Amino acid sequence: MDKKHVFYEGLDRVTSFVFYKDGVIVEQAPDILWLRDTNGDGKADKVEKLYTGFGINDTHAVINNMRWGRDGWLYSAIGYRRGRSEIG
């Protein structure tokens, strides 16, 4: 890596992310966020909350390990406290 590039500031304890279209989908309990660069300047200018309500009790209980499945769906894991998830 020759240089550091900050796509979005303000996240705390990101446990997983995947690239998607014009940005990234980020897991940061209690939320799953889609950070988008809609104007092409290399920085996220739009944040969409896709899901919320996942557990935040400790680092073993949070959402993590997001992966693209062969079927085109995103898959993820969650610890022993699922919380009360809601679609954003």
# chains A, B, ... in the order shown; residues from 1 in each chain; ligands from 1

call {"tool": "residues_around", "arguments": {"residues": "A:Ile56", "least_positions_apart": "3", "cutoff": "7 Å", "atoms": "only C-alpha atoms", "output": "NGL selection string"}}
result
:A and (29-30 or 61-62)

call {"tool": "closest_residue", "arguments": {"among": "A:Ser16, A:Gly10, A:Ile63, A:Ile25", "to": "A:Lys49", "atoms": "only C-alpha atoms"}}
result
A:Ile25

call {"tool": "select_by_dssp", "arguments": {"residues": "stretch 7-37 of chain A", "states": "strand (DSSP E or B)", "output": "count of residues only"}}
result
17

call {"tool": "residues_around", "arguments": {"residues": "A:Ser76", "least_positions_apart": "5", "cutoff": "8 Å", "atoms": "only C-alpha atoms", "output": "PDB file with N, CA, C and O atoms, in the first residue's frame"}}
result
ATOM      1  N   ILE A  63     -22.710  -9.268  14.770  1.00  0.00           N
ATOM      2  CA  ILE A  63     -22.742  -9.770  13.402  1.00  0.00           C
ATOM      3  C   ILE A  63     -21.328  -9.721  12.815  1.00  0.00           C
ATOM      4  O   ILE A  63     -20.552  -8.829  13.130  1.00  0.00           O
ATOM      5  N   ASN A  64     -21.000 -10.698  11.965  1.00  0.00           N
ATOM      6  CA  ASN A  64     -19.645 -10.740  11.415  1.00  0.00           C
ATOM      7  C   ASN A  64     -19.562 -11.695  10.225  1.00  0.00           C
ATOM      8  O   ASN A  64     -20.514 -12.383   9.898  1.00  0.00           O
ATOM      9  N   ASN A  65     -18.399 -11.723   9.589  1.00  0.00           N
ATOM     10  CA  ASN A  65     -18.044 -12.685   8.553  1.00  0.00           C
ATOM     11  C   ASN A  65     -18.989 -12.648   7.345  1.00  0.00           C
ATOM     12  O   ASN A  65     -19.397 -13.685   6.826  1.00  0.00           O
ATOM     13  N   MET A  66     -19.322 -11.457   6.876  1.00  0.00           N
ATOM     14  CA  MET A  66     -20.198 -11.309   5.718  1.00  0.00           C
ATOM     15  C   MET A  66     -19.479 -11.799   4.457  1.00  0.00           C
ATOM     16  O   MET A  66     -18.312 -11.484   4.242  1.00  0.00           O
ATOM     17  N   ARG A  67     -20.183 -12.565   3.644  1.00  0.00           N
ATOM     18  CA  ARG A  67     -19.629 -13.150   2.424  1.00  0.00           C
ATOM     19  C   ARG A  67     -20.683 -13.194   1.326  1.00  0.00           C
ATOM     20  O   ARG A  67     -21.863 -13.345   1.606  1.00  0.00           O
TER      21      ARG A  67
END

call {"tool": "residues_around", "arguments": {"residues": "A:Asp31", "least_positions_apart": "3", "cutoff": "7 Å", "atoms": "only C-alpha atoms", "output": "number ranges by chain"}}
result
A: 27-28, 49, 51-54

call {"tool": "closest_residue", "arguments": {"among": "A:Ile32, A:Asn57, A:Trp68, A:Gly40", "to": "A:Thr15", "atoms": "only C-alpha atoms"}}
result
A:Ile32

call {"tool": "closest_residue", "arguments": {"among": "A:Met1, A:Asp58, A:Arg36, A:Ile78", "to": "A:Gly23", "atoms": "only C-alpha atoms"}}
result
A:Arg36

call {"tool": "residues_around", "arguments": {"residues": "A:Asp37", "least_positions_apart": "5", "cutoff": "8 Å", "atoms": "only C-alpha atoms", "output": "tab-separated table (two decimals) with C-alpha atoms, in the first residue's frame"}}
result
chain	number	residue	atom	x	y	z
A	22	ASP	CA	-20.89	2.05	-5.89
A	23	GLY	CA	-19.71	1.43	-2.32
A	42	GLY	CA	-13.94	8.24	-4.06
A	43	LYS	CA	-15.68	9.06	-0.76
A	44	ALA	CA	-18.99	7.88	0.63
A	45	ASP	CA	-21.60	10.60	0.39
A	46	LYS	CA	-24.70	8.54	1.16

call {"tool": "atom_distance", "arguments": {"atom1": "atom CA of A:Leu35", "atom2": "atom CA of A:Gly72"}}
result
19.2 Å

call {"tool": "closest_residue", "arguments": {"among": "A:Tyr75, A:Gly55, A:Phe7, A:Gly69", "to": "A:Val24", "atoms": "only C-alpha atoms"}}
result
A:Phe7

call {"tool": "residues_around", "arguments": {"residues": "A:Val26", "least_positions_apart": "6", "cutoff": "7 Å", "atoms": "only C-alpha atoms", "output": "MDAnalysis selection string"}}
result
chainID A and resid 14 16:18 32:34

call {"tool": "write_last_selection", "arguments": {"atoms": "N, CA and C atoms", "output": "PDB file, in the first residue's frame"}}
result
ATOM      1  N   VAL A  14     -16.235  -1.906  13.137  1.00  0.00           N
ATOM      2  CA  VAL A  14     -16.711  -2.615  11.953  1.00  0.00           C
ATOM      3  C   VAL A  14     -16.230  -4.057  12.048  1.00  0.00           C
ATOM      4  N   SER A  16     -17.205  -6.510   9.631  1.00  0.00           N
ATOM      5  CA  SER A  16     -17.127  -7.129   8.311  1.00  0.00           C
ATOM      6  C   SER A  16     -17.627  -6.141   7.266  1.00  0.00           C
ATOM      7  N   PHE A  17     -17.155  -6.339   6.024  1.00  0.00           N
ATOM      8  CA  PHE A  17     -17.682  -5.539   4.916  1.00  0.00           C
ATOM      9  C   PHE A  17     -17.469  -6.270   3.606  1.00  0.00           C
ATOM     10  N   VAL A  18     -18.286  -5.917   2.619  1.00  0.00           N
ATOM     11  CA  VAL A  18     -18.132  -6.411   1.249  1.00  0.00           C
ATOM     12  C   VAL A  18     -18.353  -5.249   0.293  1.00  0.00           C
ATOM     13  N   ILE A  32     -26.463  -2.785   9.808  1.00  0.00           N
ATOM     14  CA  ILE A  32     -25.811  -3.111   8.543  1.00  0.00           C
ATOM     15  C   ILE A  32     -26.068  -1.926   7.640  1.00  0.00           C
ATOM     16  N   LEU A  33     -24.995  -1.280   7.169  1.00  0.00           N
ATOM     17  CA  LEU A  33     -25.079  -0.034   6.418  1.00  0.00           C
ATOM     18  C   LEU A  33     -24.554  -0.216   5.001  1.00  0.00           C
ATOM     19  N   TRP A  34     -25.129   0.537   4.068  1.00  0.00           N
ATOM     20  CA  TRP A  34     -24.595   0.599   2.715  1.00  0.00           C
ATOM     21  C   TRP A  34     -24.015   1.994   2.551  1.00  0.00           C
TER      22      TRP A  34
END

call {"tool": "closest_residue", "arguments": {"among": "A:Val47, A:His60, A:Val6, A:Thr38", "to": "A:Lys21", "atoms": "only C-alpha atoms"}}
result
A:Thr38

call {"tool": "decode", "arguments": {"residues": "stretch 45-58 of chain A", "atoms": "all heavy atoms", "output": "JSON list (two decimals), in the first residue's frame"}}
result
[["chain", "number", "residue", "atom", "x", "y", "z"],
["A", 45, "ASP", "N", -20.80, 9.40, 0.17],
["A", 45, "ASP", "CA", -21.60, 10.60, 0.39],
["A", 45, "ASP", "C", -23.05, 10.25, 0.76],
["A", 45, "ASP", "O", -23.86, 11.13, 0.99],
["A", 45, "ASP", "CB", -21.57, 11.51, -0.84],
["A", 45, "ASP", "CG", -21.89, 10.78, -2.12],
["A", 45, "ASP", "OD1", -23.01, 10.23, -2.24],
["A", 45, "ASP", "OD2", -21.03, 10.74, -3.01],
["A", 46, "LYS", "N", -23.36, 8.96, 0.80],
["A", 46, "LYS", "CA", -24.70, 8.54, 1.16],
["A", 46, "LYS", "C", -24.59, 7.29, 2.03],
["A", 46, "LYS", "O", -23.85, 6.37, 1.72],
["A", 46, "LYS", "CB", -25.51, 8.24, -0.10],
["A", 46, "LYS", "CG", -26.96, 7.95, 0.16],
["A", 46, "LYS", "CD", -27.74, 7.87, -1.14],
["A", 46, "LYS", "CE", -29.21, 7.67, -0.83],
["A", 46, "LYS", "NZ", -30.01, 7.54, -2.03],
["A", 47, "VAL", "N", -25.35, 7.28, 3.12],
["A", 47, "VAL", "CA", -25.37, 6.13, 4.03],
["A", 47, "VAL", "C", -26.81, 5.64, 4.13],
["A", 47, "VAL", "O", -27.70, 6.40, 4.47],
["A", 47, "VAL", "CB", -24.86, 6.52, 5.44],
["A", 47, "VAL", "CG1", -24.93, 5.33, 6.37],
["A", 47, "VAL", "CG2", -23.45, 7.07, 5.36],
["A", 48, "GLU", "N", -27.02, 4.38, 3.78],
["A", 48, "GLU", "CA", -28.34, 3.78, 3.88],
["A", 48, "GLU", "C", -28.30, 2.67, 4.93],
["A", 48, "GLU", "O", -27.46, 1.78, 4.85],
["A", 48, "GLU", "CB", -28.76, 3.18, 2.53],
["A", 48, "GLU", "CG", -28.96, 4.21, 1.46],
["A", 48, "GLU", "CD", -29.46, 3.60, 0.16],
["A", 48, "GLU", "OE1", -30.26, 2.65, 0.21],
["A", 48, "GLU", "OE2", -29.02, 4.07, -0.90],
["A", 49, "LYS", "N", -29.20, 2.73, 5.88],
["A", 49, "LYS", "CA", -29.30, 1.69, 6.90],
["A", 49, "LYS", "C", -30.17, 0.58, 6.34],
["A", 49, "LYS", "O", -31.36, 0.76, 6.13],
["A", 49, "LYS", "CB", -29.91, 2.25, 8.18],
["A", 49, "LYS", "CG", -29.84, 1.28, 9.35],
["A", 49, "LYS", "CD", -30.45, 1.86, 10.61],
["A", 49, "LYS", "CE", -29.63, 3.01, 11.12],
["A", 49, "LYS", "NZ", -30.08, 3.49, 12.44],
["A", 50, "LEU", "N", -29.56, -0.57, 6.08],
["A", 50, "LEU", "CA", -30.29, -1.69, 5.50],
["A", 50, "LEU", "C", -31.02, -2.50, 6.57],
["A", 50, "LEU", "O", -32.16, -2.90, 6.38],
["A", 50, "LEU", "CB", -29.33, -2.61, 4.74],
["A", 50, "LEU", "CG", -28.55, -1.95, 3.59],
["A", 50, "LEU", "CD1", -27.59, -2.95, 2.97],
["A", 50, "LEU", "CD2", -29.50, -1.39, 2.55],
["A", 51, "TYR", "N", -30.34, -2.76, 7.68],
["A", 51, "TYR", "CA", -30.91, -3.52, 8.80],
["A", 51, "TYR", "C", -30.40, -2.91, 10.10],
["A", 51, "TYR", "O", -29.32, -2.32, 10.14],
["A", 51, "TYR", "CB", -30.50, -4.99, 8.76],
["A", 51, "TYR", "CG", -30.99, -5.72, 7.55],
["A", 51, "TYR", "CD1", -30.19, -5.84, 6.42],
["A", 51, "TYR", "CD2", -32.25, -6.31, 7.53],
["A", 51, "TYR", "CE1", -30.64, -6.53, 5.30],
["A", 51, "TYR", "CE2", -32.71, -6.99, 6.41],
["A", 51, "TYR", "CZ", -31.89, -7.10, 5.31],
["A", 51, "TYR", "OH", -32.34, -7.76, 4.20],
["A", 52, "THR", "N", -31.17, -3.09, 11.16],
["A", 52, "THR", "CA", -30.74, -2.63, 12.47],
["A", 52, "THR", "C", -31.29, -3.57, 13.54],
["A", 52, "THR", "O", -32.14, -4.41, 13.27],
["A", 52, "THR", "CB", -31.19, -1.18, 12.73],
["A", 52, "THR", "OG1", -30.54, -0.71, 13.92],
["A", 52, "THR", "CG2", -32.69, -1.06, 12.89],
["A", 53, "GLY", "N", -30.78, -3.42, 14.76],
["A", 53, "GLY", "CA", -31.31, -4.17, 15.88],
["A", 53, "GLY", "C", -30.50, -5.38, 16.28],
["A", 53, "GLY", "O", -30.94, -6.17, 17.12],
["A", 54, "PHE", "N", -29.33, -5.59, 15.70],
["A", 54, "PHE", "CA", -28.51, -6.74, 16.07],
["A", 54, "PHE", "C", -27.86, -6.50, 17.43],
["A", 54, "PHE", "O", -27.62, -5.37, 17.84],
["A", 54, "PHE", "CB", -27.44, -7.00, 15.02],
["A", 54, "PHE", "CG", -28.03, -7.44, 13.70],
["A", 54, "PHE", "CD1", -28.23, -6.53, 12.68],
["A", 54, "PHE", "CD2", -28.39, -8.76, 13.51],
["A", 54, "PHE", "CE1", -28.77, -6.93, 11.48],
["A", 54, "PHE", "CE2", -28.94, -9.18, 12.30],
["A", 54, "PHE", "CZ", -29.14, -8.25, 11.28],
["A", 55, "GLY", "N", -27.53, -7.58, 18.13],
["A", 55, "GLY", "CA", -26.96, -7.49, 19.47],
["A", 55, "GLY", "C", -25.62, -6.77, 19.52],
["A", 55, "GLY", "O", -24.83, -6.86, 18.59],
["A", 56, "ILE", "N", -25.40, -6.05, 20.62],
["A", 56, "ILE", "CA", -24.15, -5.30, 20.80],
["A", 56, "ILE", "C", -23.51, -5.56, 22.16],
["A", 56, "ILE", "O", -22.65, -4.81, 22.59],
["A", 56, "ILE", "CB", -24.38, -3.78, 20.63],
["A", 56, "ILE", "CG1", -25.44, -3.29, 21.61],
["A", 56, "ILE", "CG2", -24.76, -3.44, 19.21],
["A", 56, "ILE", "CD1", -25.60, -1.80, 21.66],
["A", 57, "ASN", "N", -23.92, -6.63, 22.84],
["A", 57, "ASN", "CA", -23.48, -6.85, 24.22],
["A", 57, "ASN", "C", -21.98, -7.03, 24.37],
["A", 57, "ASN", "O", -21.40, -6.55, 25.32],
["A", 57, "ASN", "CB", -24.22, -8.04, 24.81],
["A", 57, "ASN", "CG", -25.69, -7.74, 24.98],
["A", 57, "ASN", "OD1", -26.27, -7.01, 24.19],
["A", 57, "ASN", "ND2", -26.29, -8.27, 26.02],
["A", 58, "ASP", "N", -21.35, -7.78, 23.49],
["A", 58, "ASP", "CA", -19.90, -7.93, 23.52],
["A", 58, "ASP", "C", -19.40, -8.38, 22.16],
["A", 58, "ASP", "O", -20.18, -8.63, 21.25],
["A", 58, "ASP", "CB", -19.45, -8.89, 24.63],
["A", 58, "ASP", "CG", -19.90, -10.31, 24.42],
["A", 58, "ASP", "OD1", -19.93, -10.77, 23.26],
["A", 58, "ASP", "OD2", -20.22, -10.97, 25.40]]
